[in-house]
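J.: Sending over final-v4.pdb (PDB, C-alpha atoms).
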```
ATOM      1  CA  MET B 275     -12.718 -48.884  -7.975
ATOM      2  CA  PHE B 276     -11.739 -45.806  -9.925
ATOM      3  CA  ARG B 277      -8.015 -45.503 -10.492
ATOM      4  CA  ARG B 278      -6.235 -42.285 -11.242
ATOM      5  CA  SER B 279      -4.449 -42.175 -14.547
ATOM      6  CA  ARG B 280      -0.687 -41.777 -14.719
ATOM      7  CA  HIS B 281      -1.226 -38.409 -16.348
ATOM      8  CA  THR B 282      -3.310 -37.141 -13.385
ATOM      9  CA  LYS B 283      -0.699 -38.346 -10.897
ATOM     10  CA  ARG B 284       2.054 -36.686 -12.903
ATOM     11  CA  VAL B 285       0.183 -33.341 -13.036
ATOM     12  CA  ARG B 286      -0.428 -33.344  -9.280
ATOM     13  CA  SER B 287       3.180 -34.245  -8.626
ATOM     14  CA  ASN B 288       4.321 -31.344 -10.801
ATOM     15  CA  LYS B 289       2.038 -28.960  -8.923
ATOM     16  CA  ARG B 290       3.462 -30.073  -5.575
ATOM     17  CA  THR B 291       6.991 -29.583  -6.916
ATOM     18  CA  GLU B 292       6.116 -26.083  -8.161
ATOM     19  CA  SER B 293       4.538 -25.231  -4.795
ATOM     20  CA  ARG B 294       7.666 -26.288  -2.901
ATOM     21  CA  ALA B 295       9.861 -24.301  -5.304
ATOM     22  CA  PHE B 296       7.638 -21.247  -4.812
ATOM     23  CA  ARG B 297       7.939 -21.486  -0.999
ATOM     24  CA  ARG B 298      11.708 -21.871  -1.188
ATOM     25  CA  GLU B 299      11.999 -18.806  -3.444
ATOM     26  CA  TYR B 300       9.700 -16.746  -1.224
ATOM     27  CA  ASN B 301      11.544 -17.691   1.993
ATOM     28  CA  SER B 302      14.869 -16.941   0.325
ATOM     29  CA  ILE B 303      13.664 -13.471  -0.677
ATOM     30  CA  ARG B 304      12.397 -12.660   2.813
ATOM     31  CA  TRP B 305      15.695 -13.742   4.373
ATOM     32  CA  GLN B 306      17.662 -11.626   1.921
ATOM     33  CA  GLU B 307      15.489  -8.565   2.589
ATOM     34  CA  ALA B 308      15.818  -9.036   6.352
ATOM     35  CA  ARG B 309      19.595  -8.893   5.932
ATOM     36  CA  ASN B 310      19.325  -5.771   3.747
ATOM     37  CA  ILE B 311      17.131  -3.810   6.201
ATOM     38  CA  ARG B 312      19.691  -3.805   9.040
ATOM     39  CA  PRO B 313      22.479  -1.901   7.225
ATOM     40  CA  LEU B 314      19.949   0.584   5.849
ATOM     41  CA  PHE B 315      18.732   1.411   9.340
ATOM     42  CA  PHE B 316      22.195   1.844  10.797
ATOM     43  CA  MET B 317      23.241   4.015   7.852
ATOM     44  CA  VAL B 318      20.367   6.369   8.690
ATOM     45  CA  PHE B 319      21.080   6.123  12.424
ATOM     46  CA  ARG B 320      24.741   7.133  12.059
ATOM     47  CA  ASN B 321      23.739  10.283  10.200
ATOM     48  CA  ASN B 322      21.210  11.270  12.870
ATOM     49  CA  LYS B 323      23.188  10.846  16.122
ATOM     50  CA  ARG B 324      22.010  14.186  17.423
ATOM     51  CA  MET B 325      18.329  13.410  17.114
ATOM     52  CA  ASN B 326      16.241  13.891  20.213
ATOM     53  CA  GLU B 327      14.317  11.024  21.771
ATOM     54  CA  GLY B 328      11.094  11.784  19.891
ATOM     55  CA  GLN B 329      12.843  11.829  16.511
ATOM     56  CA  LEU B 330      14.636   8.555  17.302
ATOM     57  CA  LYS B 331      11.296   6.956  18.115
ATOM     58  CA  LEU B 332       9.914   8.238  14.818
ATOM     59  CA  LEU B 333      12.946   6.811  13.014
ATOM     60  CA  ALA B 334      12.384   3.406  14.629
ATOM     61  CA  GLU B 335       8.744   3.466  13.509
ATOM     62  CA  ASN B 336       9.811   4.303   9.971
ATOM     63  CA  ARG B 337      12.340   1.439  10.064
ATOM     64  CA  ASP B 338       9.519  -0.974  10.948
ATOM     65  CA  ILE B 339       7.363   0.456   8.168
ATOM     66  CA  LEU B 340      10.238  -0.022   5.715
ATOM     67  CA  ALA B 341      10.713  -3.652   6.766
ATOM     68  CA  LYS B 342       6.991  -4.414   6.433
ATOM     69  CA  THR B 343       6.854  -2.632   3.080
ATOM     70  CA  VAL B 344       9.659  -4.743   1.660
ATOM     71  CA  ASP B 345       7.883  -7.901   2.816
ATOM     72  CA  LYS B 346       4.675  -6.784   1.119
ATOM     73  CA  VAL B 347       6.508  -6.089  -2.124
ATOM     74  CA  LYS B 348       8.101  -9.516  -2.073
ATOM     75  CA  ALA B 349       4.757 -11.135  -1.323
ATOM     76  CA  ARG B 350       3.303  -9.479  -4.420
ATOM     77  CA  ASN B 351       6.371 -10.358  -6.514
ATOM     78  CA  PRO B 352       7.709 -13.681  -5.149
ATOM     79  CA  THR B 353       9.760 -14.467  -8.242
ATOM     80  CA  VAL B 354      11.892 -11.300  -8.151
ATOM     81  CA  LYS B 355      15.546 -12.335  -7.890
ATOM     82  CA  ASP B 356      18.541 -10.682  -6.288
ATOM     83  CA  GLY B 357      20.809  -8.628  -8.478
ATOM     84  CA  PRO B 358      22.492  -5.258  -9.040
ATOM     85  CA  GLU B 359      19.189  -3.534  -9.808
ATOM     86  CA  ARG B 360      17.605  -4.531  -6.502
ATOM     87  CA  GLU B 361      20.743  -3.516  -4.592
ATOM     88  CA  LYS B 362      20.623  -0.152  -6.358
ATOM     89  CA  LYS B 363      16.982   0.328  -5.382
ATOM     90  CA  GLN B 364      17.639  -0.725  -1.786
ATOM     91  CA  LYS B 365      20.427   1.826  -1.504
ATOM     92  CA  LEU B 366      18.235   4.549  -3.008
ATOM     93  CA  LEU B 367      15.395   3.597  -0.663
ATOM     94  CA  GLY B 368      17.717   4.106   2.310
ATOM     95  CA  LEU B 369      18.690   7.555   1.036
ATOM     96  CA  ILE B 370      15.029   8.470   0.456
ATOM     97  CA  ASN B 371      14.154   7.527   4.025
ATOM     98  CA  GLU B 372      17.146   9.439   5.341
ATOM     99  CA  VAL B 373      15.919  12.622   3.630
ATOM    100  CA  LEU B 374      12.296  12.095   4.697
ATOM    101  CA  ASN B 375      13.421  11.589   8.297
ATOM    102  CA  ASN B 376      15.080  15.006   8.156
ATOM    103  CA  VAL B 377      12.351  17.228   9.583
ATOM    104  CA  SER B 378      13.909  20.406   8.234
ATOM    105  CA  SER B 379      13.647  18.993   4.696
ATOM    106  CA  ILE B 380      10.031  17.809   4.777
ATOM    107  CA  SER B 381       8.939  20.945   6.681
ATOM    108  CA  ASP B 382       9.718  23.071   3.643
ATOM    109  CA  PRO B 383       6.297  23.879   2.071
ATOM    110  CA  ASP B 384       7.984  23.755  -1.351
ATOM    111  CA  PHE B 385       9.565  20.342  -0.788
ATOM    112  CA  SER B 386       8.857  18.317  -3.911
ATOM    113  CA  LEU B 387       9.704  15.125  -5.748
ATOM    114  CA  GLN B 388      12.266  17.128  -7.707
ATOM    115  CA  LYS B 389      13.987  18.301  -4.513
ATOM    116  CA  LEU B 390      13.957  14.775  -3.103
ATOM    117  CA  ALA B 391      15.520  13.426  -6.307
ATOM    118  CA  GLU B 392      18.235  16.081  -6.163
ATOM    119  CA  ALA B 393      18.926  15.292  -2.496
ATOM    120  CA  VAL B 394      19.454  11.569  -3.205
ATOM    121  CA  GLY B 395      21.368  12.149  -6.448
ATOM    122  CA  SER B 396      18.808  10.572  -8.769
ATOM    123  CA  ASN B 397      15.996  11.620 -11.105
ATOM    124  CA  THR B 398      12.291  12.062 -10.397
ATOM    125  CA  LYS B 399      11.195   9.132 -12.555
ATOM    126  CA  TYR B 400      13.425   6.601 -10.793
ATOM    127  CA  VAL B 401      12.703   7.957  -7.293
ATOM    128  CA  SER B 402       8.968   7.835  -8.014
ATOM    129  CA  GLN B 403       9.322   4.258  -9.290
ATOM    130  CA  VAL B 404      11.119   3.121  -6.121
ATOM    131  CA  ILE B 405       8.559   4.824  -3.864
ATOM    132  CA  ASN B 406       5.677   3.231  -5.742
ATOM    133  CA  GLU B 407       7.328  -0.183  -5.753
ATOM    134  CA  TYR B 408       8.266  -0.305  -2.077
ATOM    135  CA  TYR B 409       5.491   1.748  -0.501
ATOM    136  CA  ASN B 410       2.687   1.119  -2.988
ATOM    137  CA  LYS B 411       1.828   4.838  -2.895
ATOM    138  CA  ASN B 412       2.895   8.035  -4.599
ATOM    139  CA  PHE B 413       5.360  10.653  -3.347
ATOM    140  CA  LYS B 414       2.714  13.113  -2.172
ATOM    141  CA  THR B 415       0.953  10.519  -0.016
ATOM    142  CA  LEU B 416       4.245   9.361   1.486
ATOM    143  CA  LEU B 417       5.329  12.941   2.241
ATOM    144  CA  ASN B 418       1.997  13.624   3.946
ATOM    145  CA  GLU B 419       2.485  10.590   6.189
ATOM    146  CA  TYR B 420       5.933  11.724   7.293
ATOM    147  CA  ARG B 421       4.674  15.252   7.970
ATOM    148  CA  LEU B 422       1.667  13.996   9.903
ATOM    149  CA  ARG B 423       3.771  11.689  12.063
ATOM    150  CA  GLU B 424       5.947  14.671  12.973
ATOM    151  CA  ALA B 425       2.828  16.750  13.679
ATOM    152  CA  THR B 426       1.418  14.100  16.040
ATOM    153  CA  ARG B 427       4.772  13.845  17.800
ATOM    154  CA  ARG B 428       4.636  17.586  18.487
ATOM    155  CA  LEU B 429       0.979  17.477  19.540
ATOM    156  CA  ASN B 430       1.992  14.859  22.122
ATOM    157  CA  ASP B 431       5.110  16.692  23.302
ATOM    158  CA  GLN B 432       3.799  19.197  25.816
ATOM    159  CA  GLU B 433       7.242  19.901  27.225
ATOM    160  CA  HIS B 434       8.643  21.332  23.978
ATOM    161  CA  TYR B 435       5.529  22.270  21.979
ATOM    162  CA  GLY B 436       2.799  22.744  24.596
ATOM    163  CA  ASN B 437       2.729  26.508  24.087
ATOM    164  CA  MET B 438       2.255  26.216  20.318
ATOM    165  CA  THR B 439      -1.105  26.366  18.583
ATOM    166  CA  ILE B 440      -2.203  23.714  16.097
ATOM    167  CA  GLN B 441      -1.758  26.277  13.328
ATOM    168  CA  ALA B 442       1.842  26.942  14.367
ATOM    169  CA  ILE B 443       2.537  23.194  14.403
ATOM    170  CA  TYR B 444       1.062  22.434  10.996
ATOM    171  CA  GLU B 445       2.861  25.400   9.464
ATOM    172  CA  GLU B 446       6.162  24.190  10.927
ATOM    173  CA  VAL B 447       5.765  20.721   9.389
ATOM    174  CA  GLY B 448       5.119  22.048   5.890
ATOM    175  CA  TYR B 449       1.377  22.695   5.539
ATOM    176  CA  SER B 450       0.344  26.089   4.251
ATOM    177  CA  ASN B 451      -3.345  26.002   5.195
ATOM    178  CA  ALA B 452      -5.639  24.421   7.771
ATOM    179  CA  VAL B 453      -7.991  22.749   5.291
ATOM    180  CA  SER B 454      -5.366  20.543   3.669
ATOM    181  CA  PHE B 455      -3.815  19.691   7.058
ATOM    182  CA  ILE B 456      -7.106  18.747   8.745
ATOM    183  CA  ARG B 457      -8.254  16.742   5.714
ATOM    184  CA  ALA B 458      -4.981  14.791   5.557
ATOM    185  CA  PHE B 459      -4.890  14.312   9.345
ATOM    186  CA  LYS B 460      -8.427  12.953   9.528
ATOM    187  CA  ARG B 461      -7.832  10.661   6.564
ATOM    188  CA  MET B 462      -4.824   9.116   8.309
ATOM    189  CA  TYR B 463      -5.990   9.041  11.951
ATOM    190  CA  GLY B 464      -9.783   9.145  11.701
ATOM    191  CA  ILE B 465     -10.099  12.230  13.948
ATOM    192  CA  THR B 466      -9.276  15.942  13.690
ATOM    193  CA  PRO B 467      -6.028  17.423  15.102
ATOM    194  CA  SER B 468      -7.903  19.128  17.962
ATOM    195  CA  GLU B 469      -9.628  15.851  18.880
ATOM    196  CA  TYR B 470      -6.270  14.093  18.784
ATOM    197  CA  GLN B 471      -4.716  16.748  21.005
ATOM    198  CA  LYS B 472      -7.601  16.479  23.482
ATOM    199  CA  LYS B 473      -7.300  12.680  23.671
ATOM    200  CA  ALA B 474      -3.539  12.947  24.146
ATOM    201  CA  ALA B 475      -4.054  15.404  27.025
ATOM    202  CA  GLU B 476      -6.611  13.094  28.658
ATOM    203  CA  LYS B 477      -4.222  10.177  28.358
ATOM    204  CA  ARG B 478      -1.428  12.170  29.996
ATOM    205  CA  GLN B 479      -3.769  13.189  32.809
ATOM    206  CA  GLU B 480      -4.785   9.558  33.377
ATOM    207  CA  GLY B 481      -1.109   8.639  33.550
ATOM    208  CA  LYS B 482      -0.441  11.280  36.208
ATOM    209  CA  SER B 483      -3.478  10.201  38.234
ATOM    210  CA  SER B 484      -2.347   6.569  38.315
ATOM    211  CA  GLU B 485       1.135   7.503  39.644
TER     212      GLU B 485
END
```
Please rewrite the model in this file as structure tokens.

T.:
Amino acid sequence: MFRRSRHTKRVRSNKRTESRAFRREYNSIRWQEARNIRPLFFMVFRNNKRMNEGQLKLLAENRDILAKTVDKVKARNPTVKDGPEREKKQKLLGLINEVLNNVSSISDPDFSLQKLAEAVGSNTKYVSQVINEYYNKNFKTLLNEYRLREATRRLNDQEHYGNMTIQAIYEEVGYSNAVSFIRAFKRMYGITPSEYQKKAAEKRQEGKSSE
């Protein structure tokens, strides 16, 4: 019968040890990030007490996105260790999200990476680095997502925005022309703004009929 050499046994043992060490490191990172997310959310929440219900819902969605993003980053970089640099980035990330959750800021057609950096007290290079690291996308893409989420919230809110046209809505969330808005909207949701608005109206009607 073939017998494994001592060398083979030793190699496999080392691999098992490395695998266990990897899992411990990964679990430790996820636990640490879970603890870091909570204070970030409440810091944003305290500064937005006067938000209406729709904005609070949007904030909660962004909190979930932030938590999932951090997990993805750690999954891609399981050996990253805690330290002052990560704490600095986590704090900056919270400030970035606070600014992006401010509708009046992102609704400015001239809102830019430079303005975001100034608002959080940093520089464009470092802000861009943090956005890329935690969201795996650039500033422009991230800004579009925040603007589009606000646009969909308004398209759904008949009580406050039902008398507004789609053009008025996209202009109020920072888009200067229909082409760029429709292109970005369809890329994110798979349908045009008018189709989205129609489906939302049908859903509301179905809800009223079932009451």

J.: List the residues selected by the PyMOL selection byres ((chain B and resi 471) around 12) in the file shown, writing them as a PyMOL selection string.

T.: chain B and resi 425-432+435-436+438-440+443+459+463+465-470+472-478

J.: Give the answer as one residue: which of B:Arg461, B:His434, B:Lys389, B:Lys399 has the shortest atom-to-atom distance to Leu422 (chain B), using only C-alpha atoms?

T.: B:Arg461

J.: With only C-alpha atoms as the counted atoms, please give the residues lying no more than 9 Å from Leu374 (chain B), apart from itself and same-chain residues fewer than 6 positions off, as a PyMOL selection string.

T.: chain B and resi 380+390+417+420-421

J.: Let me have the centre and edge lengths in Å, one decimal, of the box along x, y and z around every listed atom of region 449-457 of chain B with 5 Å of margin on each side, as lines of an AutoDock Vina configuration file.

T.:
```
center_x = -3.4
center_y = 21.4
center_z = 6.2
size_x = 19.6
size_y = 19.3
size_z = 15.1
```

J.: Calculate how many Å separate CA of Pro358 (chain B) from CA of Asn375 (chain B), rounding to one decimal.

T.: 25.8 Å

J.: Which residue out of B:Asn412, B:Ser483, B:Ser396, B:Ser450 has the minimum interatomic distance to Leu369 (chain B) when all atoms listed in the file are used?

T.: B:Ser396

J.: What does the structure give for the distance between CA of Ala458 (chain B) and CA of Thr398 (chain B), in Å to one decimal?

T.: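 These atoms are spaced 23.7 Å apart.
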
J.: When distances are computed from only C-alpha atoms, which of B:Gly481, B:Glu419, B:Glu424, B:Ile370 shows the smallest separation from Ser402 (chain B)?

T.: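 Closest to Ser402 (chain B) of all the choices is B:Ile370.
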
J.: Could you list, as an NGL selection string, every residue matched by the PyMOL selection byres ((chain B and resi 383) around 9) in this structure?

T.: :B and (380-382 or 384-386 or 445-450)

J.: By how many Å are CA of Glu480 (chain B) and CA of Arg423 (chain B) apart?

T.: 23.1 Å

J.: Give as a list of chain:residue names each residue that has an atom at most 10 Å from (16.2, 8.5, -9.7) in the file, counting all atoms listed in the file.

T.: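 All residues meeting the 10 Å criterion around (16.2, 8.5, -9.7) are B:Lys363, B:Leu366, B:Gln388, B:Leu390, B:Ala391, B:Glu392, B:Val394, B:Gly395, B:Ser396, B:Asn397, B:Thr398, B:Lys399, B:Tyr400, B:Val401, B:Ser402, B:Gln403, B:Val404.
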
J.: Kindly add N, CA, C and O atoms to the incomplete region 378-394 of chain B and provide the output as a compact mmCIF listing (two decimals), in the frame of the given file.

T.:
```txt
# COMPACT_ATOMS: atom_id res chain seq x y z
N SER B 378 13.70 19.11 8.88
CA SER B 378 13.91 20.41 8.23
C SER B 378 13.67 20.33 6.73
O SER B 378 13.27 21.31 6.10
N SER B 379 13.88 19.16 6.15
CA SER B 379 13.65 18.99 4.70
C SER B 379 12.16 18.92 4.39
O SER B 379 11.64 19.65 3.54
N ILE B 380 11.46 18.01 5.08
CA ILE B 380 10.03 17.81 4.78
C ILE B 380 9.17 18.96 5.27
O ILE B 380 8.02 19.11 4.85
N SER B 381 9.72 19.80 6.17
CA SER B 381 8.94 20.94 6.68
C SER B 381 8.92 22.11 5.71
O SER B 381 8.17 23.07 5.91
N ASP B 382 9.72 22.04 4.68
CA ASP B 382 9.72 23.07 3.64
C ASP B 382 8.43 22.94 2.83
O ASP B 382 8.20 21.90 2.20
N PRO B 383 7.56 23.96 2.82
CA PRO B 383 6.30 23.88 2.07
C PRO B 383 6.51 23.59 0.58
O PRO B 383 5.62 23.06 -0.08
N ASP B 384 7.69 23.95 0.07
CA ASP B 384 7.98 23.76 -1.35
C ASP B 384 8.75 22.46 -1.62
O ASP B 384 9.22 22.24 -2.74
N PHE B 385 8.87 21.61 -0.59
CA PHE B 385 9.56 20.34 -0.79
C PHE B 385 8.80 19.51 -1.81
O PHE B 385 7.59 19.33 -1.71
N SER B 386 9.51 19.01 -2.80
CA SER B 386 8.86 18.32 -3.91
C SER B 386 9.62 17.06 -4.30
O SER B 386 10.71 16.78 -3.78
N LEU B 387 9.04 16.32 -5.23
CA LEU B 387 9.70 15.12 -5.75
C LEU B 387 11.03 15.50 -6.40
O LEU B 387 12.02 14.77 -6.29
N GLN B 388 11.05 16.65 -7.06
CA GLN B 388 12.27 17.13 -7.71
C GLN B 388 13.37 17.38 -6.67
O GLN B 388 14.52 16.98 -6.86
N LYS B 389 13.00 18.02 -5.56
CA LYS B 389 13.99 18.30 -4.51
C LYS B 389 14.46 17.02 -3.85
O LYS B 389 15.64 16.90 -3.48
N LEU B 390 13.56 16.07 -3.68
CA LEU B 390 13.96 14.78 -3.10
C LEU B 390 14.93 14.06 -4.03
O LEU B 390 15.95 13.52 -3.58
N ALA B 391 14.64 14.07 -5.33
CA ALA B 391 15.52 13.43 -6.31
C ALA B 391 16.91 14.06 -6.30
O ALA B 391 17.93 13.37 -6.36
N GLU B 392 16.95 15.38 -6.21
CA GLU B 392 18.24 16.08 -6.16
C GLU B 392 19.01 15.72 -4.89
O GLU B 392 20.23 15.55 -4.93
N ALA B 393 18.28 15.59 -3.78
CA ALA B 393 18.93 15.29 -2.50
C ALA B 393 19.55 13.89 -2.48
O ALA B 393 20.56 13.67 -1.82
N VAL B 394 18.94 12.95 -3.20
CA VAL B 394 19.45 11.57 -3.20
C VAL B 394 20.31 11.28 -4.43
O VAL B 394 20.77 10.15 -4.63
```
